[in-house]
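The block underneath contains the structure these notes are about, expressed in structure tokens.
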Amino acid sequence: MAKNIRDAVREICLSLPESDEVSSRGNPNFRVNKKTFAIFVVNHHGDGRIGLWLNSPPGDQEYYAQNEPEHFYVPPYVGPAGWLGMELNKDLSWVTAAKLIQRAYTYKAPKKLLPDLGPPLEIKPPTESLPIAELDPFAMPIPAQHLQDIADYCLSLPETQQGDQFGAPCFRAGKKNFCTLHFRSGRLKLSTWVGVEHQATYTFDPRFSIPKYTGVNGWIELDIHEAMDLDEIEALIRQSYRHFALKRMLKILDPEHI
């Protein structure tokens with residue numbers, strides 16, 4: 001049966017005694033006794049990797065990341081706690097992958113489960129790549145067109161430039177971000193500033209939501225996954241731009257009202 005890298009990771013992880021899989025922040029987490037030993041992460045913040053983060057024993061991260069940097073790395077967030085990142089799209093041996101996954105499992109599993117462990121699972125390597133929508137969702141036709149339309153408008157405003165924020169395209173007025181496009185739970189969202197006092201009004205429309213981290217600063221998210229109204233989008237972007245732009249930019253944008 002054909003399988004991709006995600007299928008191969010799942011095959012190895014779930015073959016281990018009493019392991020299970022949960023989803024956290026959209027990523028498959030593999031656990032034993034409610035303790036996570038592996039996290040499957042694709043293109044995290046635009047890094048281009050198909051990675052598996054392993055909750056490995058002390059010393060593994062330093063050894064593998066230093067000696068085989070083409071296959072191993074220190075992952076963000078969990079790296080300082082000793083986790084090891086494996087790049088699964090760089091011809092890493094699946095024998096090695098299974099061995100290190102089992103090693104991470106052994107490090108977190110209750111001792112009572114260890115006698116049931118056999119040798120690392122030998123699997124047939126995956127034969128299919130992951131869908132392009134996972135590797136680069138902005139390569140898909142509709143998101144690509146939405147990004148182009150938004151970029152055309154944002155870059156028409158004075159002193160703007162396109163950048164990158166945690167792997168997602170963003171647009172800046174000078175050095176300040178006023179608009180971001182990103183995927184959340186597989187859906188394309190537009191983030192702009194509207195002000196804390198106006199957020200609740202927007203959320204009467206189910207397409208809008210208050211983002212978890214930036215919401216406290218007055219940002220709102222609009223779901224534009226299927227379709228978007230360019231007039232509505234431009235009004236939101238312009239409002240956000242005006243909030244962050246310098247006076248000289250606003251003078252160019254609307255000289256009669258400065």
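In the structure tokens, the first chain shown is A, the next is B, and so on; residue numbers restart at 1 for each chain, and ligands run from 1 in the order shown.
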Quick one: which stretch 142-210 of chain A residues come within 12 Å of stretch 43-52 of chain A, and what is the nearest atom pair for each with the distance in Å to one decimal, counting only C-alpha atoms, rows ordered by chain and ascending number, as a tab-separated table?
```
residue	atom	partner	partner_atom	distance
A:Asp164	CA	A:Gly46	CA	9.0
A:Gln165	CA	A:His45	CA	8.0
A:Phe166	CA	A:His45	CA	4.6
A:Gly167	CA	A:His45	CA	3.8
A:Ala168	CA	A:His45	CA	6.9
A:Pro169	CA	A:Gly46	CA	9.8
A:His182	CA	A:His45	CA	10.0
A:Phe183	CA	A:His45	CA	10.7
```
Would you save the residues from that selection as an mmCIF file, in the first residue's frame, using C-alpha atoms?
```
data_model
loop_
_atom_site.group_PDB
_atom_site.id
_atom_site.type_symbol
_atom_site.label_atom_id
_atom_site.label_comp_id
_atom_site.auth_asym_id
_atom_site.auth_seq_id
_atom_site.Cartn_x
_atom_site.Cartn_y
_atom_site.Cartn_z
ATOM 1 C CA ASP A 164 7.988 37.283 6.554
ATOM 2 C CA GLN A 165 6.621 36.701 10.050
ATOM 3 C CA PHE A 166 7.073 33.197 11.464
ATOM 4 C CA GLY A 167 7.060 31.788 7.952
ATOM 5 C CA ALA A 168 3.933 33.686 6.852
ATOM 6 C CA PRO A 169 3.813 36.627 4.421
ATOM 7 C CA HIS A 182 -1.400 32.796 7.544
ATOM 8 C CA PHE A 183 -3.026 29.413 7.788
#
```
Interface rows for stretch 54-155 of chain A against stretch 13-17 of chain A: nearest pair, Å to one decimal, 12 Å, only C-alpha atoms, as a tab-separated table:
```
residue	atom	partner	partner_atom	distance
A:Leu54	CA	A:Cys13	CA	11.1
A:Ala97	CA	A:Cys13	CA	10.5
A:Ala98	CA	A:Cys13	CA	8.3
A:Lys99	CA	A:Cys13	CA	10.8
A:Leu100	CA	A:Cys13	CA	10.7
A:Ile101	CA	A:Cys13	CA	7.0
A:Gln102	CA	A:Leu16	CA	7.6
A:Arg103	CA	A:Leu16	CA	10.9
A:Ala104	CA	A:Cys13	CA	10.2
A:Tyr105	CA	A:Leu16	CA	7.8
A:Thr106	CA	A:Leu16	CA	9.5
A:Lys108	CA	A:Leu16	CA	11.9
A:Ala109	CA	A:Pro17	CA	9.0
A:Pro110	CA	A:Pro17	CA	10.3
A:Lys111	CA	A:Pro17	CA	11.5
A:Lys112	CA	A:Pro17	CA	10.3
A:Leu113	CA	A:Pro17	CA	6.7
A:Leu114	CA	A:Pro17	CA	8.4
A:Pro115	CA	A:Pro17	CA	10.0
A:Asp116	CA	A:Pro17	CA	7.1
A:Leu117	CA	A:Pro17	CA	7.2
A:Gly118	CA	A:Leu16	CA	9.0
A:Pro119	CA	A:Leu16	CA	10.4
A:Pro120	CA	A:Leu16	CA	9.1
A:Leu121	CA	A:Ser15	CA	7.7
A:Glu122	CA	A:Ser15	CA	10.7
A:Ile123	CA	A:Ser15	CA	10.9
```
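Counting from atom CA of A:Lys3, the distance to atom CA of A:Asp60 is 28.5 Å.
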Residues of stretch 42-155 of chain A within 10 Å of stretch 219-237 of chain A: nearest atom pair and distance (Å, one decimal) for each, counting only C-alpha atoms, sorted by chain and number, as a tab-separated table?
```
residue	atom	partner	partner_atom	distance
A:Ile142	CA	A:Glu226	CA	7.6
A:Pro143	CA	A:His225	CA	7.2
A:His146	CA	A:Met228	CA	7.9
A:Asp149	CA	A:Leu230	CA	8.1
A:Ile150	CA	A:Ile233	CA	7.9
A:Tyr153	CA	A:Glu234	CA	7.1
A:Cys154	CA	A:Ile237	CA	7.3
```
Go ahead and write the selection's residues with C-alpha atoms as a PDB file, in the first residue's frame.
```
ATOM      1  CA  ILE A 142      -6.717  30.152  -4.556  1.00  0.00           C
ATOM      2  CA  PRO A 143      -4.318  31.104  -1.718  1.00  0.00           C
ATOM      3  CA  HIS A 146      -5.492  35.881  -2.626  1.00  0.00           C
ATOM      4  CA  ASP A 149      -4.365  40.516  -4.716  1.00  0.00           C
ATOM      5  CA  ILE A 150      -3.535  41.531  -1.136  1.00  0.00           C
ATOM      6  CA  TYR A 153      -2.970  46.594  -2.633  1.00  0.00           C
ATOM      7  CA  CYS A 154      -0.587  46.633   0.349  1.00  0.00           C
TER       8      CYS A 154
END
```
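Nearest to A:Val196 of all the residues A:Asn217, A:Thr96, A:Asn177, A:Thr127 is A:Asn217, based on only C-alpha atoms.
Distance check against A:Asn89 using only C-alpha atoms: of A:Pro255, A:Pro158, A:Pro206, A:Pro125, the minimum falls on A:Pro125.
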Practice task
Could you pull out the residues in stretch 103-226 of chain A that DSSP calls strand (DSSP E or B) from the backbone, as a PyMOL selection string?
Solution key: chain A and resi 160-165+168-173+176-184+187-193+208-209+219-223
Problem - Test item: residues at most 6 Å from stretch 20-32 of chain A, only C-alpha atoms, excluding those fewer than 5 positions along its chain, as a VMD selection string - result: chain A and resid 37 to 41 109
Those same residues, written as a PDB file, in the first residue's frame with N, CA and C atoms?
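Listed below is the output, again-v2.pdb:
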```pdb
ATOM      1  N   PHE A  37       6.437  11.895  23.215  1.00  0.00           N
ATOM      2  CA  PHE A  37       7.803  11.504  22.866  1.00  0.00           C
ATOM      3  C   PHE A  37       8.178  11.905  21.451  1.00  0.00           C
ATOM      4  N   ALA A  38       7.205  12.295  20.616  1.00  0.00           N
ATOM      5  CA  ALA A  38       7.509  12.715  19.243  1.00  0.00           C
ATOM      6  C   ALA A  38       6.424  13.659  18.730  1.00  0.00           C
ATOM      7  N   ILE A  39       6.836  14.662  17.946  1.00  0.00           N
ATOM      8  CA  ILE A  39       5.920  15.616  17.317  1.00  0.00           C
ATOM      9  C   ILE A  39       6.283  15.722  15.843  1.00  0.00           C
ATOM     10  N   PHE A  40       5.306  15.498  14.971  1.00  0.00           N
ATOM     11  CA  PHE A  40       5.514  15.581  13.529  1.00  0.00           C
ATOM     12  C   PHE A  40       5.169  16.991  13.066  1.00  0.00           C
ATOM     13  N   VAL A  41       6.122  17.667  12.432  1.00  0.00           N
ATOM     14  CA  VAL A  41       5.952  19.081  12.076  1.00  0.00           C
ATOM     15  C   VAL A  41       6.374  19.299  10.630  1.00  0.00           C
ATOM     16  N   ALA A 109       8.580   6.386  28.447  1.00  0.00           N
ATOM     17  CA  ALA A 109       7.607   5.338  28.780  1.00  0.00           C
ATOM     18  C   ALA A 109       7.793   4.829  30.206  1.00  0.00           C
TER      19      ALA A 109
END
```
